$ cat my_file-v2.txt   # compact mmCIF, C-alpha atoms and all ligand atoms
# COMPACT_ATOMS: atom_id res chain seq x y z
CA MET A 1 179.43 54.32 93.66
CA GLU A 2 179.32 55.18 97.37
CA ASN A 3 177.84 52.32 99.39
CA LYS A 4 175.33 53.96 101.74
CA LYS A 5 174.01 52.24 104.87
CA LYS A 6 170.48 50.88 104.75
CA ILE A 7 168.05 52.85 106.88
CA GLY A 8 166.37 50.99 109.77
CA TYR A 9 162.60 51.47 109.41
CA ALA A 10 159.88 50.88 112.01
CA VAL A 11 156.10 51.22 111.92
CA LEU A 12 153.97 52.18 114.92
CA GLY A 13 150.28 51.29 114.42
CA LEU A 14 149.37 48.54 111.96
CA GLY A 15 146.19 49.70 110.21
CA ILE A 16 147.32 51.98 107.37
CA GLY A 17 150.75 51.34 108.90
CA MET A 18 150.78 48.11 106.87
CA ALA A 19 151.14 50.26 103.74
CA HIS A 20 154.20 51.89 105.35
CA ALA A 21 155.60 48.46 106.22
CA GLU A 22 155.07 47.24 102.66
CA ALA A 23 156.76 50.35 101.26
CA ALA A 24 159.75 50.11 103.61
CA ALA A 25 160.13 46.39 102.92
CA ALA A 26 160.06 47.08 99.18
CA SER A 27 162.73 49.80 99.40
CA GLU A 28 166.28 49.01 98.33
CA ASN A 29 167.48 51.67 100.75
CA ALA A 30 165.89 50.42 103.97
CA ASP A 31 165.36 47.39 106.17
CA LEU A 32 162.02 46.99 107.92
CA VAL A 33 163.41 46.21 111.39
CA ALA A 34 160.46 46.63 113.78
CA LEU A 35 156.67 46.74 114.06
CA CYS A 36 154.64 47.94 117.03
CA ASP A 37 150.93 47.69 117.90
CA LEU A 38 148.93 47.08 121.07
CA ASP A 39 146.77 44.62 119.14
CA GLU A 40 148.39 41.16 119.29
CA ALA A 41 146.29 39.82 116.41
CA ARG A 42 147.47 42.63 114.13
CA LEU A 43 151.07 42.08 115.22
CA GLN A 44 150.92 38.35 114.53
CA LYS A 45 149.36 38.93 111.12
CA ALA A 46 152.12 41.39 110.27
CA ALA A 47 154.73 38.92 111.52
CA THR A 48 153.63 36.35 108.96
CA LEU A 49 154.40 38.90 106.21
CA TYR A 50 157.59 40.29 107.78
CA PRO A 51 159.14 37.48 109.86
CA ASP A 52 162.47 39.30 110.27
CA ALA A 53 160.94 42.35 111.96
CA THR A 54 161.06 42.60 115.76
CA LEU A 55 157.59 42.91 117.30
CA TYR A 56 156.77 45.37 120.08
CA THR A 57 153.61 46.20 122.00
CA ASP A 58 155.28 49.08 123.89
CA ALA A 59 156.22 52.14 121.83
CA GLU A 60 158.93 53.13 124.37
CA GLN A 61 160.73 49.85 123.67
CA LEU A 62 160.47 50.53 119.95
CA PHE A 63 161.94 54.01 120.46
CA ALA A 64 164.81 52.48 122.46
CA ASP A 65 165.76 50.05 119.67
CA PRO A 66 169.11 51.32 118.30
CA ARG A 67 168.54 49.71 114.88
CA VAL A 68 165.56 51.99 114.24
CA ASP A 69 166.34 55.20 112.33
CA ILE A 70 162.81 56.15 111.18
CA VAL A 71 159.44 55.56 112.86
CA SER A 72 156.21 55.88 110.88
CA VAL A 73 153.56 57.12 113.32
CA CYS A 74 150.29 55.53 112.15
CA LEU A 75 148.21 55.80 115.32
CA PRO A 76 144.73 57.33 115.74
CA SER A 77 144.93 61.00 114.74
CA ALA A 78 144.93 62.59 118.21
CA MET A 79 147.96 60.48 119.20
CA HIS A 80 150.20 61.75 116.39
CA ALA A 81 151.88 64.70 118.11
CA ASP A 82 152.42 62.92 121.41
CA PHE A 83 154.12 59.90 119.82
CA ALA A 84 155.98 61.84 117.12
CA VAL A 85 157.47 64.08 119.83
CA ARG A 86 158.47 61.10 121.96
CA ALA A 87 160.07 59.36 118.98
CA MET A 88 162.10 62.43 117.99
CA GLU A 89 163.18 63.00 121.59
CA ALA A 90 164.37 59.38 121.62
CA GLY A 91 166.55 60.22 118.59
CA LYS A 92 164.37 58.87 115.78
CA HIS A 93 163.34 60.51 112.52
CA VAL A 94 159.57 60.46 112.07
CA LEU A 95 157.02 60.14 109.27
CA VAL A 96 153.58 61.16 110.58
CA GLU A 97 150.31 60.04 109.02
CA LYS A 98 147.75 62.66 108.05
CA PRO A 99 146.29 64.71 109.64
CA VAL A 100 149.40 65.99 111.45
CA ASP A 101 147.23 65.91 114.59
CA ILE A 102 143.67 67.10 115.22
CA THR A 103 144.51 70.78 115.87
CA CYS A 104 147.30 73.10 114.74
CA GLN A 105 148.13 73.84 118.37
CA ARG A 106 148.85 70.18 119.04
CA ALA A 107 150.62 69.72 115.68
CA MET A 108 152.89 72.67 116.49
CA ARG A 109 154.59 70.51 119.16
CA ILE A 110 155.87 68.30 116.34
CA GLU A 111 157.39 71.28 114.52
CA GLU A 112 158.96 72.64 117.72
CA THR A 113 160.47 69.22 118.50
CA ARG A 114 161.73 68.84 114.94
CA LEU A 115 163.55 72.17 115.18
CA ARG A 116 164.88 71.49 118.69
CA THR A 117 166.15 67.94 118.03
CA GLY A 118 167.27 68.42 114.41
CA LYS A 119 165.50 65.18 113.46
CA ARG A 120 163.87 64.82 110.04
CA CYS A 121 160.08 64.81 110.09
CA GLY A 122 157.68 64.35 107.18
CA VAL A 123 153.91 64.19 106.84
CA VAL A 124 151.99 61.71 104.68
CA LEU A 125 150.04 63.70 102.09
CA GLN A 126 150.47 61.17 99.34
CA ASN A 127 147.77 62.53 97.05
CA ARG A 128 150.04 65.44 96.10
CA PHE A 129 152.07 62.77 94.30
CA ASN A 130 149.19 61.23 92.38
CA LEU A 131 150.44 61.13 88.81
CA ASN A 132 147.69 63.46 87.53
CA MET A 133 148.77 66.15 90.02
CA TYR A 134 152.08 66.78 88.23
CA PRO A 135 150.49 68.22 85.03
CA ILE A 136 147.74 70.00 86.99
CA ARG A 137 150.29 71.72 89.18
CA GLU A 138 152.39 72.57 86.12
CA ALA A 139 149.37 74.09 84.32
CA ILE A 140 148.84 76.40 87.30
CA ASP A 141 152.52 77.25 87.94
CA SER A 142 153.26 77.97 84.27
CA GLY A 143 150.20 80.20 83.94
CA ARG A 144 148.58 78.02 81.26
CA LEU A 145 145.34 77.85 83.24
CA GLY A 146 145.37 81.63 83.61
CA ASP A 147 144.12 83.15 86.86
CA LEU A 148 142.11 80.69 88.93
CA ILE A 149 138.48 81.77 89.18
CA LEU A 150 136.72 78.80 90.74
CA GLY A 151 137.40 75.40 92.27
CA THR A 152 134.82 72.72 93.06
CA PHE A 153 135.90 69.91 95.34
CA ALA A 154 133.64 67.10 96.54
CA VAL A 155 134.63 63.97 98.46
CA LYS A 156 131.58 61.74 98.02
CA TRP A 157 132.56 58.63 99.93
CA TYR A 158 130.68 55.97 101.86
CA ARG A 159 131.33 54.37 105.22
CA GLU A 160 129.03 51.85 106.87
CA GLN A 161 128.14 52.31 110.52
CA ARG A 162 130.35 49.37 111.45
CA TYR A 163 133.40 51.32 110.17
CA TYR A 164 132.78 53.83 112.96
CA ASP A 165 131.92 51.13 115.51
CA ARG A 166 135.05 49.10 114.73
CA GLY A 167 137.63 51.82 115.21
CA GLY A 168 136.25 53.27 118.46
CA TRP A 169 138.21 56.49 117.88
CA ARG A 170 136.61 57.27 114.50
CA GLY A 171 133.94 59.95 114.27
CA THR A 172 134.86 61.34 117.73
CA TRP A 173 135.96 64.93 118.41
CA GLU A 174 138.52 63.73 120.97
CA MET A 175 140.47 61.23 118.84
CA ASP A 176 139.47 61.81 115.18
CA GLY A 177 139.04 65.59 115.51
CA GLY A 178 135.82 65.39 113.46
CA GLY A 179 134.40 63.07 110.81
CA SER A 180 134.23 63.02 107.02
CA LEU A 181 136.16 66.28 106.62
CA ILE A 182 139.25 65.65 108.75
CA ASN A 183 139.42 61.92 108.17
CA GLN A 184 138.28 61.09 104.62
CA ALA A 185 138.55 64.54 102.97
CA SER A 186 141.73 65.94 104.53
CA HIS A 187 143.79 64.97 101.47
CA THR A 188 141.42 66.91 99.23
CA VAL A 189 141.45 69.94 101.55
CA ASP A 190 145.21 69.77 101.23
CA LEU A 191 145.04 69.58 97.43
CA MET A 192 142.58 72.50 97.36
CA GLN A 193 144.89 74.84 99.27
CA TRP A 194 148.02 73.47 97.58
CA LEU A 195 146.58 74.08 94.09
CA MET A 196 144.56 77.25 94.72
CA GLY A 197 146.70 79.01 97.32
CA ASP A 198 146.10 80.49 100.76
CA VAL A 199 142.55 80.43 102.05
CA GLU A 200 141.17 83.75 103.31
CA SER A 201 137.82 82.65 104.80
CA VAL A 202 135.31 79.81 104.96
CA SER A 203 131.58 79.64 105.53
CA SER A 204 130.37 76.16 106.36
CA SER A 205 127.56 73.88 107.50
CA MET A 206 127.73 70.31 108.74
CA LYS A 207 125.41 67.59 109.90
CA ILE A 208 125.23 64.01 111.09
CA ALA A 209 123.05 62.68 108.30
CA ASN A 210 123.15 58.91 108.39
CA HIS A 211 125.47 57.55 111.09
CA ASN A 212 125.44 57.11 114.82
CA ILE A 213 128.51 59.27 115.57
CA LYS A 214 129.24 62.43 117.56
CA THR A 215 130.89 64.65 114.94
CA GLU A 216 129.71 64.90 111.31
CA ASP A 217 129.32 62.73 108.24
CA THR A 218 128.59 65.62 105.85
CA THR A 219 130.06 69.12 105.46
CA VAL A 220 129.48 71.85 102.88
CA SER A 221 131.67 74.97 102.60
CA THR A 222 132.18 78.00 100.46
CA VAL A 223 135.82 79.02 100.42
CA ARG A 224 137.32 82.40 99.54
CA PHE A 225 141.05 82.56 98.68
CA LYS A 226 143.50 85.42 99.22
CA SER A 227 143.87 85.51 95.41
CA GLY A 228 140.17 86.39 95.11
CA ALA A 229 139.24 82.95 93.73
CA LEU A 230 136.26 81.05 95.15
CA ALA A 231 135.61 77.35 95.76
CA THR A 232 133.02 74.97 97.08
CA PHE A 233 134.10 72.05 99.25
CA VAL A 234 131.87 69.08 100.10
CA SER A 235 132.71 66.05 102.22
CA THR A 236 130.50 63.11 103.07
CA THR A 237 130.67 59.46 104.09
CA CYS A 238 127.00 59.01 103.11
CA ALA A 239 127.29 58.74 99.31
CA TYR A 240 126.52 55.06 98.74
CA PRO A 241 128.51 53.06 97.65
CA GLY A 242 131.35 55.63 97.48
CA VAL A 243 131.02 57.73 94.37
CA SER A 244 133.85 60.12 93.54
CA THR A 245 136.52 62.60 94.62
CA GLU A 246 135.95 65.63 92.43
CA ILE A 247 138.85 68.04 91.94
CA CYS A 248 137.82 70.72 89.43
CA LEU A 249 139.66 73.93 88.57
CA TYR A 250 138.44 76.69 86.29
CA GLY A 251 140.82 79.48 85.24
CA THR A 252 140.68 82.38 82.83
CA ALA A 253 142.53 80.29 80.22
CA GLY A 254 141.23 76.78 80.76
CA SER A 255 139.44 74.09 82.78
CA ILE A 256 140.67 70.89 84.40
CA GLU A 257 138.56 68.20 86.06
CA ALA A 258 139.75 65.08 87.85
CA ASP A 259 138.24 62.27 89.88
CA ALA A 260 140.89 61.47 92.51
CA ASP A 261 143.91 60.19 90.55
CA ARG A 262 142.16 60.18 87.15
CA LEU A 263 142.25 63.16 84.85
CA LYS A 264 138.78 63.56 83.30
CA LEU A 265 138.81 66.85 81.41
CA TRP A 266 141.65 69.01 80.09
CA LYS A 267 140.62 72.09 78.09
CA MET A 268 143.25 74.76 77.41
CA SER A 269 142.21 77.77 75.35
CA GLU A 270 145.81 78.42 74.23
CA PRO A 271 147.25 75.52 72.20
CA SER A 272 150.46 73.81 73.27
CA GLY A 273 153.04 73.12 70.54
CA ASP A 274 151.62 71.39 67.48
CA LEU A 275 148.50 70.02 69.16
CA ASP A 276 145.10 71.66 68.95
CA GLU A 277 142.79 71.77 71.97
CA ASP A 278 141.13 68.40 71.34
CA GLU A 279 144.36 66.62 70.42
CA GLU A 280 146.01 67.88 73.59
CA GLU A 281 143.10 66.69 75.72
CA GLU A 282 143.17 63.29 74.04
CA MET A 283 146.89 62.98 74.71
CA MET A 284 146.54 64.09 78.37
CA LEU A 285 143.65 61.71 79.06
CA ALA A 286 145.59 58.85 77.47
CA ARG A 287 148.50 59.57 79.83
CA PHE A 288 146.68 60.48 83.05
CA GLY A 289 143.07 59.37 82.60
CA GLY A 290 143.66 55.81 83.80
CA GLY A 291 144.74 56.62 87.35
CA ASN A 292 147.99 56.07 89.21
CA ARG A 293 148.54 52.45 88.34
CA VAL A 294 148.34 53.01 84.60
CA ALA A 295 150.19 56.34 84.58
CA ALA A 296 152.97 55.19 86.91
CA ALA A 297 153.94 52.41 84.53
CA LYS A 298 154.27 54.95 81.71
CA GLU A 299 155.89 57.75 83.72
CA GLY A 300 158.24 55.55 85.77
CA LYS A 301 157.29 57.14 89.10
CA LEU A 302 156.26 55.83 92.51
CA TYR A 303 153.00 57.04 94.01
CA GLY A 304 150.98 56.65 97.20
CA HIS A 305 152.70 55.41 100.35
CA ARG A 306 155.54 53.92 98.30
CA HIS A 307 156.45 57.42 97.15
CA VAL A 308 156.18 59.08 100.57
CA VAL A 309 158.01 56.36 102.50
CA GLU A 310 160.82 56.22 99.91
CA ASP A 311 161.15 60.02 100.02
CA MET A 312 161.45 59.84 103.83
CA ILE A 313 164.10 57.10 103.61
CA LEU A 314 166.15 59.05 101.05
CA ALA A 315 165.76 62.26 103.08
CA VAL A 316 167.36 60.57 106.10
CA ARG A 317 169.99 58.81 104.02
CA ASP A 318 170.97 61.97 102.16
CA GLY A 319 170.61 64.46 105.03
CA ARG A 320 167.83 66.55 103.49
CA ASP A 321 164.25 67.37 104.42
CA PRO A 322 161.36 65.19 103.25
CA GLN A 323 159.01 66.73 100.67
CA VAL A 324 156.15 67.58 103.04
CA LEU A 325 157.21 69.18 106.34
CA PRO A 326 154.91 69.54 109.39
CA LEU A 327 154.16 73.24 108.76
CA GLU A 328 153.10 72.35 105.21
CA GLY A 329 150.80 69.62 106.55
CA MET A 330 149.32 72.10 109.02
CA LYS A 331 148.02 74.39 106.25
CA SER A 332 145.12 72.05 105.47
CA LEU A 333 144.62 71.42 109.19
CA ALA A 334 144.10 75.17 109.69
CA VAL A 335 141.44 75.15 106.93
CA ILE A 336 139.76 72.12 108.50
CA GLU A 337 139.70 73.79 111.93
CA ALA A 338 138.21 76.94 110.36
CA ILE A 339 135.49 74.90 108.60
CA TYR A 340 134.52 73.22 111.87
CA ARG A 341 134.49 76.57 113.69
CA SER A 342 132.31 78.11 110.99
CA ALA A 343 129.91 75.14 110.99
CA LYS A 344 129.62 75.25 114.80
CA THR A 345 129.12 79.02 115.09
CA GLY A 346 127.30 79.77 111.85
CA GLU A 347 129.82 82.58 111.25
CA THR A 348 132.22 83.11 108.36
CA VAL A 349 135.69 82.32 109.73
CA GLU A 350 138.78 84.23 108.55
CA LEU A 351 142.08 82.37 108.55
N1 LIG B 401 147.32 58.56 104.26
C1 LIG B 401 146.19 57.91 104.15
O1 LIG B 401 145.64 57.78 103.06
C2 LIG B 401 145.55 57.30 105.39
C3 LIG B 401 144.67 56.22 105.24
C4 LIG B 401 144.11 55.69 106.41
C5 LIG B 401 144.40 56.23 107.64
N2 LIG B 401 145.24 57.31 107.73
C6 LIG B 401 145.55 57.90 109.04
O2 LIG B 401 146.35 56.97 109.76
C7 LIG B 401 146.03 57.00 111.14
C8 LIG B 401 145.62 55.58 111.59
O3 LIG B 401 144.45 55.22 110.91
P1 LIG B 401 144.04 53.68 110.75
O4 LIG B 401 142.88 53.66 109.81
O5 LIG B 401 145.23 52.85 110.41
O6 LIG B 401 143.56 53.35 112.23
P2 LIG B 401 143.46 51.93 112.93
O7 LIG B 401 142.61 52.12 114.14
O8 LIG B 401 143.08 50.89 111.92
O9 LIG B 401 144.96 51.61 113.37
C9 LIG B 401 145.60 52.25 114.43
C10 LIG B 401 146.42 51.21 115.18
O10 LIG B 401 147.13 51.85 116.25
C11 LIG B 401 147.21 50.93 117.32
N3 LIG B 401 147.51 51.64 118.55
C12 LIG B 401 146.71 52.51 119.24
N4 LIG B 401 147.36 52.97 120.32
C13 LIG B 401 148.58 52.39 120.33
C14 LIG B 401 149.72 52.49 121.19
N5 LIG B 401 149.72 53.25 122.28
N6 LIG B 401 150.82 51.75 120.88
C15 LIG B 401 150.83 50.94 119.79
N7 LIG B 401 149.79 50.83 118.94
C16 LIG B 401 148.69 51.54 119.20
C17 LIG B 401 145.84 50.26 117.32
O11 LIG B 401 145.87 49.01 118.01
C18 LIG B 401 145.57 50.11 115.83
O12 LIG B 401 145.99 48.84 115.35
C19 LIG B 401 144.90 58.03 111.29
O13 LIG B 401 145.44 59.25 111.72
C20 LIG B 401 144.33 58.16 109.89
O14 LIG B 401 143.81 59.47 109.64
C21 LIG B 401 145.84 57.83 106.63

$ encode --input "my_file-v2.txt" --output "structure tokens"
Amino acid sequence: MENKKKIGYAVLGLGIGMAHAEAAAASENADLVALCDLDEARLQKAATLYPDATLYTDAEQLFADPRVDIVSVCLPSAMHADFAVRAMEAGKHVLVEKPVDITCQRAMRIEETRLRTGKRCGVVLQNRFNLNMYPIREAIDSGRLGDLILGTFAVKWYREQRYYDRGGWRGTWEMDGGGSLINQASHTVDLMQWLMGDVESVSSSMKIANHNIKTEDTTVSTVRFKSGALATFVSTTCAYPGVSTEICLYGTAGSIEADADRLKLWKMSEPSGDLDEDEEEEMMLARFGGGNRVAAAKEGKLYGHRHVVEDMILAVRDGRDPQVLPLEGMKSLAVIEAIYRSAKTGETVEL
């Protein structure tokens, strides 16, 4: 077998960036060569886990390190485009955390730089690779669910005030781009448009219900799709103690309900093979009802940041694109921007 070179991996920003570091360190195809953060305490903590990685506090020095092939950009959201562009211009491939940036206009700089430099660039939307998403997507693509009529999506999470106080940038328009919707619920906005198709218009309200922040901690939207389907979308960080992530799809030929990575209901009006409706549901819930950890062991697949980081490493090694490109990541960002515009103006916003 061809002996391919190990990819040099670096992580910029060591909050969620620690999940990138763990994934790169676990990969057989990469070496975790460098870590960068302004926060010395975070750097030192990371160094105890990854003593062979070079530590940087200056991103420019990281970008100048010739051993680095890929940089994961895990900085506060409004810094993504700036640092992703600088990394690609310095010759690095880039994996950007979600959201791509806080507006499509800013995120577009990443796409332009990707095209100009020819570097590989992926976006972290790991929930598309939750194990329960494979059969859900298949039920839609194969037509088993029929025509989609309705979706209901609700991200009912909880964040204490100190979560917002600690980060500084969180819950600000300037650095977070919003609150519960763009930060906590952006994955579910992505799943909504990825599963149900292009959004035509949104009509939304938002409020700051129970936190001392400048943006929002609760949003409610009705969503109309180009297909004619409708959906509701709710996001909040006020649902003590953190309740659920509802992803529910109702089609002319069936219904599917999930809570995040757990399949909860699977009702298909047309039987599949030898199984009747109830037997099929029982089989599907046994496979995908226990969440990623349980299903991954059975299905033999990676999920979460392990999946996305490994895909990025293999993309660079094999000279192909990663699974989620910047323009793909910007689709949910466009919906998020439209929801905020609608909530601010009180108008229905067309996309
Ligand atoms: N994919 C996911 O599920 C997921 C989960 C959490 C966060 N995120 C995203 O990841 C990003 C980071 O979120 P977080 O929760 O890790 O934030 P965080 O504040 O915990 O971490 C960001 C880190 O960046 C460092 N930093 C800031 N400016 C820097 C600079 N100029 N040079 C070097 N380091 C710098 C900070 O010191 C901090 O340690 C956000 O965009 C967030 O939306 C994604």

$ residues_near_point --input "my_file-v2.txt" --point "(129.0, 70.6, 106.7)" --cutoff "7 Å" --atoms "all atoms listed in the file" --output "ChimeraX atom specification"
/A:204-207,218-221,343

$ closest_atom_pairs --input "my_file-v2.txt" --of "chain A" --to "ligand LIG 401 (chain B)" --cutoff "7 Å" --atoms "only C-alpha atoms and all ligand atoms" --output "CSV"
residue,atom,partner,partner_atom,distance
A:Leu12,CA,B:LIG401,C15,5.9
A:Gly13,CA,B:LIG401,O10,3.7
A:Leu14,CA,B:LIG401,O12,4.8
A:Gly15,CA,B:LIG401,O5,3.3
A:Ile16,CA,B:LIG401,O5,3.8
A:Gly17,CA,B:LIG401,O5,5.9
A:Cys36,CA,B:LIG401,C15,5.6
A:Asp37,CA,B:LIG401,N7,3.5
A:Leu38,CA,B:LIG401,N7,4.4
A:Asp39,CA,B:LIG401,O11,4.6
A:Arg42,CA,B:LIG401,O12,6.5
A:Thr57,CA,B:LIG401,C15,5.9
A:Asp58,CA,B:LIG401,N6,6.0
A:Ala59,CA,B:LIG401,N6,5.5
A:Cys74,CA,B:LIG401,C7,4.6
A:Leu75,CA,B:LIG401,O10,4.2
A:Pro76,CA,B:LIG401,C19,4.5
A:Ser77,CA,B:LIG401,O13,3.5
A:Glu97,CA,B:LIG401,O2,5.1
A:Lys98,CA,B:LIG401,O14,5.3
A:Pro99,CA,B:LIG401,O14,5.8
A:Val124,CA,B:LIG401,N1,5.6
A:Leu125,CA,B:LIG401,N1,6.2
A:Gln126,CA,B:LIG401,N1,6.4
A:Gly167,CA,B:LIG401,O7,5.1
A:Asn183,CA,B:LIG401,O14,5.2

$ write_last_selection --input "my_file-v2.txt" --atoms "C-alpha atoms" --output "PDB file, keeping the file's coordinate frame"
ATOM      1  CA  LEU A  12     153.970  52.180 114.920  1.00  0.00           C
ATOM      2  CA  GLY A  13     150.280  51.290 114.420  1.00  0.00           C
ATOM      3  CA  LEU A  14     149.370  48.540 111.960  1.00  0.00           C
ATOM      4  CA  GLY A  15     146.190  49.700 110.210  1.00  0.00           C
ATOM      5  CA  ILE A  16     147.320  51.980 107.370  1.00  0.00           C
ATOM      6  CA  GLY A  17     150.750  51.340 108.900  1.00  0.00           C
ATOM      7  CA  CYS A  36     154.640  47.940 117.030  1.00  0.00           C
ATOM      8  CA  ASP A  37     150.930  47.690 117.900  1.00  0.00           C
ATOM      9  CA  LEU A  38     148.930  47.080 121.070  1.00  0.00           C
ATOM     10  CA  ASP A  39     146.770  44.620 119.140  1.00  0.00           C
ATOM     11  CA  ARG A  42     147.470  42.630 114.130  1.00  0.00           C
ATOM     12  CA  THR A  57     153.610  46.200 122.000  1.00  0.00           C
ATOM     13  CA  ASP A  58     155.280  49.080 123.890  1.00  0.00           C
ATOM     14  CA  ALA A  59     156.220  52.140 121.830  1.00  0.00           C
ATOM     15  CA  CYS A  74     150.290  55.530 112.150  1.00  0.00           C
ATOM     16  CA  LEU A  75     148.210  55.800 115.320  1.00  0.00           C
ATOM     17  CA  PRO A  76     144.730  57.330 115.740  1.00  0.00           C
ATOM     18  CA  SER A  77     144.930  61.000 114.740  1.00  0.00           C
ATOM     19  CA  GLU A  97     150.310  60.040 109.020  1.00  0.00           C
ATOM     20  CA  LYS A  98     147.750  62.660 108.050  1.00  0.00           C
ATOM     21  CA  PRO A  99     146.290  64.710 109.640  1.00  0.00           C
ATOM     22  CA  VAL A 124     151.990  61.710 104.680  1.00  0.00           C
ATOM     23  CA  LEU A 125     150.040  63.700 102.090  1.00  0.00           C
ATOM     24  CA  GLN A 126     150.470  61.170  99.340  1.00  0.00           C
ATOM     25  CA  GLY A 167     137.630  51.820 115.210  1.00  0.00           C
ATOM     26  CA  ASN A 183     139.420  61.920 108.170  1.00  0.00           C
TER      27      ASN A 183
END

$ closest_residue --input "my_file-v2.txt" --among "A:Leu265, A:Ala107, A:Leu55, A:Ala258" --to "Phe153 in chain A" --atoms "all atoms listed in the file"
A:Ala258

$ closest_residue --input "my_file-v2.txt" --among "A:Thr188, A:Arg170, A:Met108, A:Val316" --to "Gly8 in chain A" --atoms "only C-alpha atoms"
A:Val316

$ residues_near_point --input "my_file-v2.txt" --point "(135.2, 78.9, 100.2)" --cutoff "6 Å" --atoms "all atoms listed in the file" --output "PDB file with C-alpha atoms, in the coordinates of the input"
ATOM      1  CA  VAL A 202     135.310  79.810 104.960  1.00  0.00           C
ATOM      2  CA  SER A 221     131.670  74.970 102.600  1.00  0.00           C
ATOM      3  CA  THR A 222     132.180  78.000 100.460  1.00  0.00           C
ATOM      4  CA  VAL A 223     135.820  79.020 100.420  1.00  0.00           C
ATOM      5  CA  ARG A 224     137.320  82.400  99.540  1.00  0.00           C
ATOM      6  CA  LEU A 230     136.260  81.050  95.150  1.00  0.00           C
ATOM      7  CA  ALA A 231     135.610  77.350  95.760  1.00  0.00           C
ATOM      8  CA  THR A 232     133.020  74.970  97.080  1.00  0.00           C
TER       9      THR A 232
END

$ atom_distance --input "my_file-v2.txt" --atom1 "CA of Ile149 in chain A" --atom2 "CA of Lys226 in chain A"
11.8 Å

$ closest_atom_pairs --input "my_file-v2.txt" --of "range 113-205 of chain A" --to "range 270-281 of chain A" --cutoff "10 Å" --atoms "all atoms listed in the file" --output "Markdown table"
| residue | atom | partner | partner_atom | distance |
| --- | --- | --- | --- | --- |
| A:Arg144 | CA | A:Glu270 | CA | 7.6 |
| A:Leu145 | CA | A:Glu270 | CA | 9.0 |
| A:Gly146 | CA | A:Glu270 | CA | 9.9 |

$ closest_residue --input "my_file-v2.txt" --among "A:Ala260, A:Leu95, A:Ile336, A:Leu62" --to "Ser244 in chain A" --atoms "only C-alpha atoms"
A:Ala260

$ build_atoms --input "my_file-v2.txt" --residues "range 28-42 of chain A" --atoms "N, CA and C atoms" --output "PDB file, keeping the file's coordinate frame"
ATOM      1  N   GLU A  28     164.899  49.512  98.384  1.00  0.00           N
ATOM      2  CA  GLU A  28     166.280  49.010  98.330  1.00  0.00           C
ATOM      3  C   GLU A  28     167.164  49.729  99.338  1.00  0.00           C
ATOM      4  N   ASN A  29     166.653  50.814  99.888  1.00  0.00           N
ATOM      5  CA  ASN A  29     167.480  51.670 100.750  1.00  0.00           C
ATOM      6  C   ASN A  29     167.175  51.511 102.226  1.00  0.00           C
ATOM      7  N   ALA A  30     166.278  50.585 102.569  1.00  0.00           N
ATOM      8  CA  ALA A  30     165.890  50.420 103.970  1.00  0.00           C
ATOM      9  C   ALA A  30     165.691  48.958 104.319  1.00  0.00           C
ATOM     10  N   ASP A  31     165.773  48.684 105.626  1.00  0.00           N
ATOM     11  CA  ASP A  31     165.360  47.390 106.170  1.00  0.00           C
ATOM     12  C   ASP A  31     164.203  47.654 107.110  1.00  0.00           C
ATOM     13  N   LEU A  32     163.139  46.883 106.974  1.00  0.00           N
ATOM     14  CA  LEU A  32     162.020  46.990 107.920  1.00  0.00           C
ATOM     15  C   LEU A  32     162.431  46.199 109.162  1.00  0.00           C
ATOM     16  N   VAL A  33     162.827  46.917 110.238  1.00  0.00           N
ATOM     17  CA  VAL A  33     163.410  46.210 111.390  1.00  0.00           C
ATOM     18  C   VAL A  33     162.433  45.980 112.530  1.00  0.00           C
ATOM     19  N   ALA A  34     161.351  46.800 112.616  1.00  0.00           N
ATOM     20  CA  ALA A  34     160.460  46.630 113.780  1.00  0.00           C
ATOM     21  C   ALA A  34     159.043  47.076 113.473  1.00  0.00           C
ATOM     22  N   LEU A  35     158.091  46.429 114.170  1.00  0.00           N
ATOM     23  CA  LEU A  35     156.670  46.740 114.060  1.00  0.00           C
ATOM     24  C   LEU A  35     156.097  46.830 115.460  1.00  0.00           C
ATOM     25  N   CYS A  36     155.192  47.772 115.679  1.00  0.00           N
ATOM     26  CA  CYS A  36     154.640  47.940 117.030  1.00  0.00           C
ATOM     27  C   CYS A  36     153.135  48.181 116.949  1.00  0.00           C
ATOM     28  N   ASP A  37     152.372  47.460 117.758  1.00  0.00           N
ATOM     29  CA  ASP A  37     150.930  47.690 117.900  1.00  0.00           C
ATOM     30  C   ASP A  37     150.511  47.075 119.236  1.00  0.00           C
ATOM     31  N   LEU A  38     149.476  47.650 119.829  1.00  0.00           N
ATOM     32  CA  LEU A  38     148.930  47.080 121.070  1.00  0.00           C
ATOM     33  C   LEU A  38     148.149  45.801 120.766  1.00  0.00           C
ATOM     34  N   ASP A  39     147.677  45.698 119.530  1.00  0.00           N
ATOM     35  CA  ASP A  39     146.770  44.620 119.140  1.00  0.00           C
ATOM     36  C   ASP A  39     147.592  43.403 118.708  1.00  0.00           C
ATOM     37  N   GLU A  40     147.579  42.358 119.547  1.00  0.00           N
ATOM     38  CA  GLU A  40     148.390  41.160 119.290  1.00  0.00           C
ATOM     39  C   GLU A  40     148.029  40.498 117.960  1.00  0.00           C
ATOM     40  N   ALA A  41     146.724  40.493 117.652  1.00  0.00           N
ATOM     41  CA  ALA A  41     146.290  39.820 116.410  1.00  0.00           C
ATOM     42  C   ALA A  41     146.889  40.534 115.200  1.00  0.00           C
ATOM     43  N   ARG A  42     146.882  41.872 115.247  1.00  0.00           N
ATOM     44  CA  ARG A  42     147.470  42.630 114.130  1.00  0.00           C
ATOM     45  C   ARG A  42     148.978  42.375 114.045  1.00  0.00           C
TER      46      ARG A  42
END
